[in-house]
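Structure data follow from final24.tsv (TSV, C-alpha atoms):
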```tsv
chain	number	residue	atom	x	y	z
A	288	MET	CA	-32.28	-18.84	12.33
A	289	GLY	CA	-28.59	-19.02	11.58
A	290	VAL	CA	-25.64	-21.09	12.67
A	291	LYS	CA	-23.56	-20.12	15.69
A	292	LYS	CA	-19.93	-19.39	15.05
A	293	THR	CA	-17.57	-21.72	16.83
A	294	ASP	CA	-16.80	-19.09	19.46
A	295	GLY	CA	-20.53	-18.62	20.00
A	296	SER	CA	-20.28	-14.89	19.42
A	297	ALA	CA	-22.70	-14.47	16.56
A	298	GLU	CA	-24.69	-16.28	13.97
A	299	ILE	CA	-24.40	-16.49	10.23
A	300	PRO	CA	-27.77	-15.41	8.89
A	301	ALA	CA	-29.69	-18.36	7.48
A	302	ASP	CA	-30.00	-16.92	3.97
A	303	TRP	CA	-26.25	-16.29	3.74
A	304	LEU	CA	-25.55	-19.75	5.10
A	305	ALA	CA	-27.80	-21.28	2.45
A	306	GLU	CA	-25.91	-19.35	-0.25
A	307	PHE	CA	-22.53	-20.47	1.12
A	308	GLU	CA	-23.67	-24.09	1.25
A	309	ALA	CA	-25.05	-23.95	-2.26
A	310	ALA	CA	-21.82	-22.40	-3.56
A	311	ARG	CA	-19.76	-25.07	-1.83
A	312	ARG	CA	-21.63	-27.76	-3.74
A	313	ARG	CA	-20.89	-26.16	-7.11
A	314	PRO	CA	-17.72	-26.94	-9.04
A	315	LEU	CA	-15.33	-24.03	-9.45
A	316	LYS	CA	-16.08	-23.69	-13.14
A	317	LEU	CA	-19.77	-23.12	-12.42
A	318	ARG	CA	-19.06	-20.76	-9.51
A	319	TRP	CA	-16.89	-18.74	-11.85
A	320	LYS	CA	-19.62	-18.62	-14.49
A	321	TYR	CA	-22.15	-17.31	-11.97
A	322	ALA	CA	-19.71	-14.81	-10.46
A	323	PHE	CA	-18.29	-12.99	-13.46
A	324	ILE	CA	-20.66	-10.55	-15.05
A	325	ARG	CA	-20.13	-7.65	-17.40
A	326	THR	CA	-21.51	-4.24	-16.49
A	327	TYR	CA	-20.39	-0.88	-17.78
A	328	LYS	CA	-18.83	1.33	-15.12
A	329	PRO	CA	-18.76	4.96	-16.24
A	330	VAL	CA	-15.33	6.63	-16.36
A	331	LEU	CA	-13.63	3.52	-14.95
A	332	ASP	CA	-14.24	1.56	-18.14
A	333	ASP	CA	-13.49	4.43	-20.47
A	334	ALA	CA	-9.72	4.00	-20.63
A	335	ARG	CA	-7.81	0.98	-21.84
A	336	TYR	CA	-4.92	1.42	-19.44
A	337	ARG	CA	-4.25	3.30	-16.22
A	338	SER	CA	-1.39	3.16	-13.78
A	339	PHE	CA	-0.63	4.83	-10.48
A	340	ASP	CA	2.64	5.17	-8.64
A	341	THR	CA	0.97	4.54	-5.30
A	342	THR	CA	-2.22	2.87	-4.13
A	343	GLU	CA	-3.05	6.12	-2.35
A	344	GLU	CA	-2.85	7.95	-5.68
A	345	TYR	CA	-5.26	5.42	-7.19
A	346	ARG	CA	-7.73	5.78	-4.30
A	347	LYS	CA	-7.60	9.56	-4.65
A	348	TRP	CA	-8.15	9.33	-8.40
A	349	CYS	CA	-11.23	7.16	-7.80
A	350	GLU	CA	-12.65	9.69	-5.36
A	351	ASP	CA	-12.00	12.62	-7.66
A	352	ASN	CA	-13.19	11.07	-10.89
A	353	LEU	CA	-15.71	8.28	-10.37
A	354	PRO	CA	-19.40	8.79	-9.65
A	355	ASN	CA	-20.08	8.37	-5.93
A	356	TRP	CA	-22.67	5.69	-6.52
A	357	LEU	CA	-20.01	3.30	-7.79
A	358	GLY	CA	-18.80	3.10	-4.20
A	359	TYR	CA	-15.07	3.55	-4.83
A	360	GLY	CA	-14.82	6.52	-2.48
A	361	ARG	CA	-13.46	6.01	1.01
A	362	VAL	CA	-15.80	6.21	3.95
B	1262	MET	CA	-16.49	-7.09	-23.93
B	1263	ALA	CA	-17.97	-10.39	-22.76
B	1264	ALA	CA	-17.78	-11.62	-19.18
B	1265	PHE	CA	-14.55	-13.13	-17.93
B	1266	GLU	CA	-14.80	-16.86	-18.62
B	1267	TYR	CA	-13.37	-19.69	-16.57
B	1268	ARG	CA	-11.37	-20.83	-19.62
B	1269	GLN	CA	-9.64	-17.44	-19.56
B	1270	ALA	CA	-8.90	-17.77	-15.86
B	1271	GLU	CA	-7.23	-21.09	-16.63
B	1272	GLU	CA	-5.23	-19.39	-19.38
B	1273	ILE	CA	-4.00	-16.76	-16.90
B	1274	ARG	CA	-3.11	-19.43	-14.37
B	1275	ASP	CA	-1.25	-21.51	-16.93
B	1276	ALA	CA	0.55	-18.62	-18.66
B	1277	LEU	CA	1.71	-17.07	-15.38
B	1278	ALA	CA	2.87	-20.48	-14.16
B	1279	ARG	CA	4.83	-21.09	-17.38
B	1280	HIS	CA	6.61	-17.78	-16.94
B	1281	GLY	CA	7.21	-18.33	-13.23
B	1282	VAL	CA	5.29	-15.24	-12.10
B	1283	ARG	CA	4.83	-14.90	-8.34
B	1284	TYR	CA	1.31	-13.60	-7.72
B	1285	LEU	CA	-1.90	-14.26	-5.84
B	1286	PHE	CA	-5.55	-13.70	-6.62
B	1287	ILE	CA	-6.86	-11.10	-4.20
B	1288	GLY	CA	-10.07	-9.10	-3.77
B	1289	LYS	CA	-13.45	-10.43	-4.68
B	1290	SER	CA	-12.11	-12.69	-7.43
B	1291	GLY	CA	-9.88	-14.32	-4.81
B	1292	ALA	CA	-12.83	-14.78	-2.45
B	1293	ILE	CA	-14.86	-16.31	-5.27
B	1294	LEU	CA	-12.10	-18.83	-5.90
B	1295	LEU	CA	-12.33	-19.77	-2.22
B	1296	GLY	CA	-16.07	-20.37	-2.63
B	1297	TYR	CA	-17.60	-17.00	-1.81
B	1298	PRO	CA	-20.82	-16.52	-3.79
B	1299	ASP	CA	-20.89	-13.01	-5.23
B	1300	THR	CA	-20.43	-11.19	-8.51
B	1301	THR	CA	-17.58	-9.19	-10.00
B	1302	GLN	CA	-16.28	-8.32	-13.44
B	1303	ASP	CA	-12.52	-8.32	-13.22
B	1304	ALA	CA	-9.74	-10.18	-11.51
B	1305	ASP	CA	-7.28	-8.59	-9.12
B	1306	LEU	CA	-3.78	-10.02	-9.04
B	1307	PHE	CA	-1.42	-9.21	-6.17
B	1308	VAL	CA	1.98	-9.40	-7.87
B	1309	GLU	CA	5.32	-9.56	-6.14
B	1310	LYS	CA	7.16	-6.35	-6.85
B	1311	ASN	CA	10.58	-6.94	-8.36
B	1312	PRO	CA	11.92	-6.38	-11.88
B	1313	GLU	CA	12.45	-10.05	-12.67
B	1314	ASN	CA	8.89	-10.89	-11.70
B	1315	GLY	CA	7.63	-7.84	-13.60
B	1316	ARG	CA	9.42	-8.97	-16.76
B	1317	ALA	CA	7.98	-12.46	-16.41
B	1318	LEU	CA	4.51	-10.95	-15.96
B	1319	VAL	CA	4.87	-8.78	-19.08
B	1320	SER	CA	5.86	-11.84	-21.13
B	1321	ALA	CA	2.86	-13.76	-19.83
B	1322	LEU	CA	0.48	-10.85	-20.51
B	1323	LEU	CA	1.72	-10.49	-24.09
B	1324	GLU	CA	1.26	-14.22	-24.59
B	1325	LEU	CA	-2.32	-13.88	-23.27
B	1326	GLY	CA	-3.08	-11.21	-25.86
B	1327	PHE	CA	-2.77	-7.98	-23.86
B	1328	ARG	CA	-1.59	-5.06	-25.96
B	1329	LEU	CA	1.07	-3.16	-24.06
B	1330	THR	CA	3.14	-0.24	-25.25
B	1331	SER	CA	6.79	-0.04	-24.38
B	1332	THR	CA	6.03	2.52	-21.65
B	1333	GLN	CA	3.34	0.30	-20.17
B	1334	ARG	CA	5.69	-2.66	-20.15
B	1335	GLN	CA	8.28	-0.58	-18.33
B	1336	GLU	CA	5.70	0.51	-15.74
B	1337	ILE	CA	4.78	-3.09	-15.01
B	1338	VAL	CA	8.42	-4.14	-14.75
B	1339	ARG	CA	9.01	-1.21	-12.42
B	1340	GLY	CA	6.00	-2.31	-10.39
B	1341	LYS	CA	3.83	0.78	-10.15
B	1342	ASP	CA	1.55	0.17	-7.21
B	1343	PHE	CA	-1.62	-0.17	-9.28
B	1344	VAL	CA	-2.06	-0.97	-12.96
B	1345	GLN	CA	-5.44	-1.36	-14.62
B	1346	LEU	CA	-5.56	-3.32	-17.90
B	1347	LYS	CA	-8.63	-3.07	-20.08
B	1348	ASP	CA	-7.01	-3.65	-23.44
B	1349	GLY	CA	-6.80	-7.39	-23.46
B	1350	PRO	CA	-9.06	-10.42	-23.63
B	1351	PHE	CA	-10.42	-9.58	-20.14
B	1352	ASP	CA	-10.06	-6.87	-17.49
B	1353	LEU	CA	-7.22	-7.28	-15.05
B	1354	ASP	CA	-6.05	-5.16	-12.13
B	1355	LEU	CA	-2.41	-5.61	-11.17
B	1356	VAL	CA	-1.94	-4.69	-7.55
B	1357	PHE	CA	1.65	-4.44	-6.41
B	1358	ALA	CA	0.92	-2.87	-3.02
B	1359	PRO	CA	-2.56	-3.69	-1.73
B	1360	ASP	CA	-3.88	-1.81	1.26
B	1361	GLY	CA	-3.62	-3.77	4.49
B	1362	ILE	CA	-0.81	-6.17	3.46
B	1363	GLU	CA	2.76	-5.17	4.20
B	1364	HIS	CA	4.78	-7.73	2.28
B	1365	PHE	CA	4.01	-10.11	-0.56
B	1366	GLU	CA	5.96	-12.87	1.16
B	1367	ASP	CA	3.74	-12.69	4.25
B	1368	ALA	CA	0.65	-13.24	2.10
B	1369	TYR	CA	2.42	-15.91	0.02
B	1370	GLN	CA	3.24	-17.93	3.13
B	1371	LYS	CA	-0.47	-18.13	3.95
B	1372	HIS	CA	-1.83	-18.57	0.44
B	1373	LEU	CA	-3.95	-21.44	-0.81
B	1374	SER	CA	-3.97	-23.24	-4.12
B	1375	ILE	CA	-7.46	-23.80	-5.48
B	1376	GLU	CA	-7.29	-26.06	-8.52
B	1377	GLY	CA	-3.89	-24.55	-9.25
B	1378	PHE	CA	-5.00	-20.93	-8.74
B	1379	PRO	CA	-2.84	-19.24	-6.08
B	1380	VAL	CA	-5.19	-17.32	-3.79
B	1381	CYS	CA	-4.67	-15.05	-0.79
B	1382	HIS	CA	-5.94	-16.35	2.52
B	1383	ILE	CA	-9.43	-15.07	3.29
B	1384	ASP	CA	-8.03	-13.09	6.24
B	1385	ASP	CA	-5.74	-11.16	3.88
B	1386	ILE	CA	-8.57	-10.51	1.45
B	1387	ILE	CA	-10.63	-9.11	4.31
B	1388	ALA	CA	-7.68	-7.12	5.72
B	1389	SER	CA	-7.17	-5.52	2.34
B	1390	LYS	CA	-10.82	-4.57	2.01
B	1391	VAL	CA	-10.97	-3.22	5.57
B	1392	ALA	CA	-7.86	-1.09	4.97
B	1393	SER	CA	-9.07	0.28	1.65
B	1394	ASN	CA	-12.16	1.54	3.48
B	1395	ARG	CA	-14.25	2.07	0.36
B	1396	ALA	CA	-18.01	2.44	0.58
B	1397	LYS	CA	-18.62	-0.62	-1.59
B	1398	ASP	CA	-16.34	-2.74	0.59
B	1399	ARG	CA	-17.96	-1.49	3.78
B	1400	GLU	CA	-21.30	-2.67	2.45
B	1401	SER	CA	-20.04	-6.11	1.49
B	1402	LEU	CA	-17.77	-6.80	4.48
B	1403	PRO	CA	-20.38	-8.24	6.90
B	1404	ARG	CA	-21.29	-10.96	4.40
B	1405	LEU	CA	-17.64	-11.59	3.51
B	1406	LYS	CA	-16.76	-11.90	7.20
B	1407	ALA	CA	-19.64	-14.32	7.68
B	1408	PHE	CA	-18.25	-16.33	4.78
B	1409	ARG	CA	-14.84	-16.28	6.45
B	1410	ASP	CA	-16.36	-17.89	9.56
B	1411	TYR	CA	-18.15	-20.47	7.44
B	1412	TRP	CA	-15.01	-21.17	5.40
B	1413	MET	CA	-12.84	-21.55	8.52
B	1414	GLN	CA	-15.33	-24.07	9.93
B	1415	GLN	CA	-15.12	-26.02	6.68
B	1416	GLN	CA	-11.31	-25.96	6.76
B	1417	ARG	CA	-11.25	-27.21	10.34
B	1418	GLY	CA	-13.70	-29.99	9.40
B	1419	ARG	CA	-11.30	-31.20	6.69
B	1420	ARG	CA	-8.44	-31.73	9.13
```

Take the structure from the file and write it as structure tokens.
Amino acid sequence: MGVKKTDGSAEIPADWLAEFEAARRRPLKLRWKYAFIRTYKPVLDDARYRSFDTTEEYRKWCEDNLPNWLGYGRV
Amino acid sequence: MAAFEYRQAEEIRDALARHGVRYLFIGKSGAILLGYPDTTQDADLFVEKNPENGRALVSALLELGFRLTSTQRQEIVRGKDFVQLKDGPFDLDLVFAPDGIEHFEDAYQKHLSIEGFPVCHIDDIIASKVASNRAKDRESLPRLKAFRDYWMQQQRGRR
């Protein structure tokens, strides 16, 4: 079971709703602590600085250089 | 590098405010500030693109401990569309032209302040992720959109 949206068009799945409710009860500082994790992302984390003239150039760089499984490629 | 701590987020907020930088949290870090429960490892800042704002941002970044060469400082002042910083106390993406948002001012008009953190409206965060059309965003969008509906209900309940 979920909760109907106000326009009645769909429901928020019950497990997501429970997560949203639980998050709402937490203070921001604790939400932040739970949210920010450190994982190594190959290639992406291997340079200390990168810049791109355009966002399109950045997206293209991600597609050409990052492993597909990281999910940075466009669909 | 350790995970990005809340204390560091406060330092960003306070340093950028001291220097008068016009910016908004966007992306997943923005959604998390709004209450979205998920994980990430860096913060994305949507920065207004103009030289004065860029100079203020560089000053704030140096104060926060980011090591920037003269060329890098110039690129930030110039407002290259996307700058990735991984040579400071935490990882930061500076986004001067996010997908799906035409003008900074439009997003600024709709922004929210969460404990002093300026954050894009959830609709702009979603618009940006939809427009970027990345595989990882496609996977996370249904849950983020569900959160948007939940969040909007909460906002209406507060009025």

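Omitting B:Lys1289 and its sequence neighbours fewer than 3 positions away, and counting only C-alpha atoms, the residues within 9 Å are Phe1286, Ala1292, Ile1293, Leu1294, Tyr1297, Asp1299, Thr1300, Thr1301, Asp1303, Ala1304, Asp1305 and Ile1386 of chain B.
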
Using C-alpha atoms, can you export the residues from the last selection as a PDB file, keeping the file's coordinate frame?
```
ATOM      1  CA  PHE B1286      -5.550 -13.700  -6.620  1.00  0.00           C
ATOM      2  CA  ALA B1292     -12.830 -14.780  -2.450  1.00  0.00           C
ATOM      3  CA  ILE B1293     -14.860 -16.310  -5.270  1.00  0.00           C
ATOM      4  CA  LEU B1294     -12.100 -18.830  -5.900  1.00  0.00           C
ATOM      5  CA  TYR B1297     -17.600 -17.000  -1.810  1.00  0.00           C
ATOM      6  CA  ASP B1299     -20.890 -13.010  -5.230  1.00  0.00           C
ATOM      7  CA  THR B1300     -20.430 -11.190  -8.510  1.00  0.00           C
ATOM      8  CA  THR B1301     -17.580  -9.190 -10.000  1.00  0.00           C
ATOM      9  CA  ASP B1303     -12.520  -8.320 -13.220  1.00  0.00           C
ATOM     10  CA  ALA B1304      -9.740 -10.180 -11.510  1.00  0.00           C
ATOM     11  CA  ASP B1305      -7.280  -8.590  -9.120  1.00  0.00           C
ATOM     12  CA  ILE B1386      -8.570 -10.510   1.450  1.00  0.00           C
TER      13      ILE B1386
END
```

Worksheet item: What residues in chain A have any atom no more than 9 Å from chain B when counting only C-alpha atoms, and can you write them as JSON, numbers by chain?
Response: {"A": [292, 293, 298, 299, 300, 303, 304, 306, 307, 309, 310, 311, 313, 315, 316, 317, 318, 319, 320, 321, 322, 323, 324, 325, 326, 332, 333, 334, 335, 336, 337, 338, 339, 340, 341, 342, 343, 344, 345, 346, 356, 357, 358, 359, 360, 361, 362]}

Item to complete: Write out as a VMD selection string which residues come within 12 Å of B:Glu1366 when counting all atoms listed in the file, dropping same-chain ones fewer than 6 positions away.
Response: chain B and resid 1283 to 1285 1307 to 1310 1358 1372 1381

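Shortest separation to B:Leu1373 among B:Leu1277, B:Ile1287, B:Leu1325, B:Ile1387 occurs at residue B:Ile1287, atoms counted being all atoms listed in the file.
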
Worksheet item: Excluding same-chain residues fewer than 5 positions from B:Ser1320, what lies within 10 Å of it counting only C-alpha atoms, as a PyMOL selection string?
Response: chain B and resi 1276-1277+1280+1282+1314-1315+1325+1327+1334

Discussion item. Can you measure atom CA of B:Asp1275 to atom CA of B:Glu1363 for me? One decimal in Å is fine.
Written reply: 27.0 Å

Item to complete: Mind checking which residues fall within 12 Å of A:Pro354, counting only C-alpha atoms, ignoring those fewer than 6 positions away in the same chain, and posting them as JSON, numbers by chain?
Response: {"A": [328, 329, 330, 331, 348, 360]}

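Going from atom CA of B:Leu1353 over to atom CA of A:Glu308, you cover 28.6 Å.
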
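Across the model, the gap from atom CA of B:Tyr1369 to atom CA of B:Glu1272 is 21.1 Å.
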
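Minimum atom-to-atom distances from B:Gly1288, B:Pro1312, B:Thr1330, B:Ala1317 to B:Val1391 were compared using all atoms listed in the file, and the lowest value belongs to B:Gly1288.
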
Could you give me stretch 1269-1302 of chain B completed to N, CA and C atoms, formatted as a PDB file, keeping the file's coordinate frame?
```
ATOM      1  N   GLN B1269     -10.644 -18.503 -19.562  1.00  0.00           N
ATOM      2  CA  GLN B1269      -9.640 -17.440 -19.560  1.00  0.00           C
ATOM      3  C   GLN B1269      -8.878 -17.402 -18.236  1.00  0.00           C
ATOM      4  N   ALA B1270      -9.584 -17.707 -17.162  1.00  0.00           N
ATOM      5  CA  ALA B1270      -8.900 -17.770 -15.860  1.00  0.00           C
ATOM      6  C   ALA B1270      -7.851 -18.881 -15.891  1.00  0.00           C
ATOM      7  N   GLU B1271      -8.206 -19.988 -16.512  1.00  0.00           N
ATOM      8  CA  GLU B1271      -7.230 -21.090 -16.630  1.00  0.00           C
ATOM      9  C   GLU B1271      -6.047 -20.654 -17.479  1.00  0.00           C
ATOM     10  N   GLU B1272      -6.325 -19.865 -18.516  1.00  0.00           N
ATOM     11  CA  GLU B1272      -5.230 -19.390 -19.380  1.00  0.00           C
ATOM     12  C   GLU B1272      -4.277 -18.481 -18.588  1.00  0.00           C
ATOM     13  N   ILE B1273      -4.848 -17.609 -17.751  1.00  0.00           N
ATOM     14  CA  ILE B1273      -4.000 -16.760 -16.900  1.00  0.00           C
ATOM     15  C   ILE B1273      -3.140 -17.643 -16.002  1.00  0.00           C
ATOM     16  N   ARG B1274      -3.813 -18.543 -15.319  1.00  0.00           N
ATOM     17  CA  ARG B1274      -3.110 -19.430 -14.370  1.00  0.00           C
ATOM     18  C   ARG B1274      -1.961 -20.150 -15.077  1.00  0.00           C
ATOM     19  N   ASP B1275      -2.250 -20.704 -16.242  1.00  0.00           N
ATOM     20  CA  ASP B1275      -1.250 -21.510 -16.930  1.00  0.00           C
ATOM     21  C   ASP B1275      -0.120 -20.646 -17.503  1.00  0.00           C
ATOM     22  N   ALA B1276      -0.476 -19.497 -18.067  1.00  0.00           N
ATOM     23  CA  ALA B1276       0.550 -18.620 -18.660  1.00  0.00           C
ATOM     24  C   ALA B1276       1.468 -18.067 -17.562  1.00  0.00           C
ATOM     25  N   LEU B1277       0.879 -17.631 -16.457  1.00  0.00           N
ATOM     26  CA  LEU B1277       1.710 -17.070 -15.380  1.00  0.00           C
ATOM     27  C   LEU B1277       2.594 -18.155 -14.753  1.00  0.00           C
ATOM     28  N   ALA B1278       2.060 -19.368 -14.698  1.00  0.00           N
ATOM     29  CA  ALA B1278       2.870 -20.480 -14.160  1.00  0.00           C
ATOM     30  C   ALA B1278       4.036 -20.781 -15.105  1.00  0.00           C
ATOM     31  N   ARG B1279       3.753 -20.797 -16.400  1.00  0.00           N
ATOM     32  CA  ARG B1279       4.830 -21.090 -17.380  1.00  0.00           C
ATOM     33  C   ARG B1279       5.963 -20.074 -17.279  1.00  0.00           C
ATOM     34  N   HIS B1280       5.594 -18.829 -17.005  1.00  0.00           N
ATOM     35  CA  HIS B1280       6.610 -17.780 -16.940  1.00  0.00           C
ATOM     36  C   HIS B1280       7.164 -17.592 -15.519  1.00  0.00           C
ATOM     37  N   GLY B1281       6.670 -18.383 -14.589  1.00  0.00           N
ATOM     38  CA  GLY B1281       7.210 -18.330 -13.230  1.00  0.00           C
ATOM     39  C   GLY B1281       6.861 -17.058 -12.473  1.00  0.00           C
ATOM     40  N   VAL B1282       5.694 -16.485 -12.776  1.00  0.00           N
ATOM     41  CA  VAL B1282       5.290 -15.240 -12.100  1.00  0.00           C
ATOM     42  C   VAL B1282       4.829 -15.556 -10.689  1.00  0.00           C
ATOM     43  N   ARG B1283       5.289 -14.751  -9.735  1.00  0.00           N
ATOM     44  CA  ARG B1283       4.830 -14.900  -8.340  1.00  0.00           C
ATOM     45  C   ARG B1283       3.691 -13.916  -8.123  1.00  0.00           C
ATOM     46  N   TYR B1284       2.500 -14.439  -7.862  1.00  0.00           N
ATOM     47  CA  TYR B1284       1.310 -13.600  -7.720  1.00  0.00           C
ATOM     48  C   TYR B1284       0.256 -14.376  -6.945  1.00  0.00           C
ATOM     49  N   LEU B1285      -0.763 -13.652  -6.529  1.00  0.00           N
ATOM     50  CA  LEU B1285      -1.900 -14.260  -5.840  1.00  0.00           C
ATOM     51  C   LEU B1285      -3.184 -13.574  -6.293  1.00  0.00           C
ATOM     52  N   PHE B1286      -4.242 -14.324  -6.423  1.00  0.00           N
ATOM     53  CA  PHE B1286      -5.550 -13.700  -6.620  1.00  0.00           C
ATOM     54  C   PHE B1286      -5.944 -13.046  -5.294  1.00  0.00           C
ATOM     55  N   ILE B1287      -6.451 -11.839  -5.395  1.00  0.00           N
ATOM     56  CA  ILE B1287      -6.860 -11.100  -4.200  1.00  0.00           C
ATOM     57  C   ILE B1287      -8.210 -10.450  -4.511  1.00  0.00           C
ATOM     58  N   GLY B1288      -8.798  -9.784  -3.536  1.00  0.00           N
ATOM     59  CA  GLY B1288     -10.070  -9.100  -3.770  1.00  0.00           C
ATOM     60  C   GLY B1288     -11.204 -10.085  -3.956  1.00  0.00           C
ATOM     61  N   LYS B1289     -12.266  -9.602  -4.576  1.00  0.00           N
ATOM     62  CA  LYS B1289     -13.450 -10.430  -4.680  1.00  0.00           C
ATOM     63  C   LYS B1289     -13.210 -11.669  -5.542  1.00  0.00           C
ATOM     64  N   SER B1290     -12.384 -11.513  -6.583  1.00  0.00           N
ATOM     65  CA  SER B1290     -12.110 -12.690  -7.430  1.00  0.00           C
ATOM     66  C   SER B1290     -11.397 -13.774  -6.617  1.00  0.00           C
ATOM     67  N   GLY B1291     -10.542 -13.356  -5.680  1.00  0.00           N
ATOM     68  CA  GLY B1291      -9.880 -14.320  -4.810  1.00  0.00           C
ATOM     69  C   GLY B1291     -10.899 -15.005  -3.904  1.00  0.00           C
ATOM     70  N   ALA B1292     -11.803 -14.209  -3.335  1.00  0.00           N
ATOM     71  CA  ALA B1292     -12.830 -14.780  -2.450  1.00  0.00           C
ATOM     72  C   ALA B1292     -13.712 -15.757  -3.216  1.00  0.00           C
ATOM     73  N   ILE B1293     -14.018 -15.418  -4.452  1.00  0.00           N
ATOM     74  CA  ILE B1293     -14.860 -16.310  -5.270  1.00  0.00           C
ATOM     75  C   ILE B1293     -14.156 -17.635  -5.511  1.00  0.00           C
ATOM     76  N   LEU B1294     -12.854 -17.576  -5.739  1.00  0.00           N
ATOM     77  CA  LEU B1294     -12.100 -18.830  -5.900  1.00  0.00           C
ATOM     78  C   LEU B1294     -12.177 -19.688  -4.639  1.00  0.00           C
ATOM     79  N   LEU B1295     -12.236 -19.023  -3.482  1.00  0.00           N
ATOM     80  CA  LEU B1295     -12.330 -19.770  -2.220  1.00  0.00           C
ATOM     81  C   LEU B1295     -13.731 -20.320  -1.976  1.00  0.00           C
ATOM     82  N   GLY B1296     -14.705 -19.855  -2.775  1.00  0.00           N
ATOM     83  CA  GLY B1296     -16.070 -20.370  -2.630  1.00  0.00           C
ATOM     84  C   GLY B1296     -17.102 -19.315  -2.299  1.00  0.00           C
ATOM     85  N   TYR B1297     -16.677 -18.066  -2.188  1.00  0.00           N
ATOM     86  CA  TYR B1297     -17.600 -17.000  -1.810  1.00  0.00           C
ATOM     87  C   TYR B1297     -18.572 -16.707  -2.963  1.00  0.00           C
ATOM     88  N   PRO B1298     -19.869 -16.777  -2.711  1.00  0.00           N
ATOM     89  CA  PRO B1298     -20.820 -16.520  -3.790  1.00  0.00           C
ATOM     90  C   PRO B1298     -21.120 -15.027  -3.928  1.00  0.00           C
ATOM     91  N   ASP B1299     -20.624 -14.437  -4.974  1.00  0.00           N
ATOM     92  CA  ASP B1299     -20.890 -13.010  -5.230  1.00  0.00           C
ATOM     93  C   ASP B1299     -20.567 -12.748  -6.695  1.00  0.00           C
ATOM     94  N   THR B1300     -20.713 -11.515  -7.119  1.00  0.00           N
ATOM     95  CA  THR B1300     -20.430 -11.190  -8.510  1.00  0.00           C
ATOM     96  C   THR B1300     -19.323 -10.138  -8.607  1.00  0.00           C
ATOM     97  N   THR B1301     -18.607 -10.189  -9.715  1.00  0.00           N
ATOM     98  CA  THR B1301     -17.580  -9.190 -10.000  1.00  0.00           C
ATOM     99  C   THR B1301     -17.365  -9.196 -11.509  1.00  0.00           C
ATOM    100  N   GLN B1302     -16.505  -8.295 -12.002  1.00  0.00           N
ATOM    101  CA  GLN B1302     -16.280  -8.320 -13.440  1.00  0.00           C
ATOM    102  C   GLN B1302     -14.811  -8.363 -13.832  1.00  0.00           C
TER     103      GLN B1302
END
```
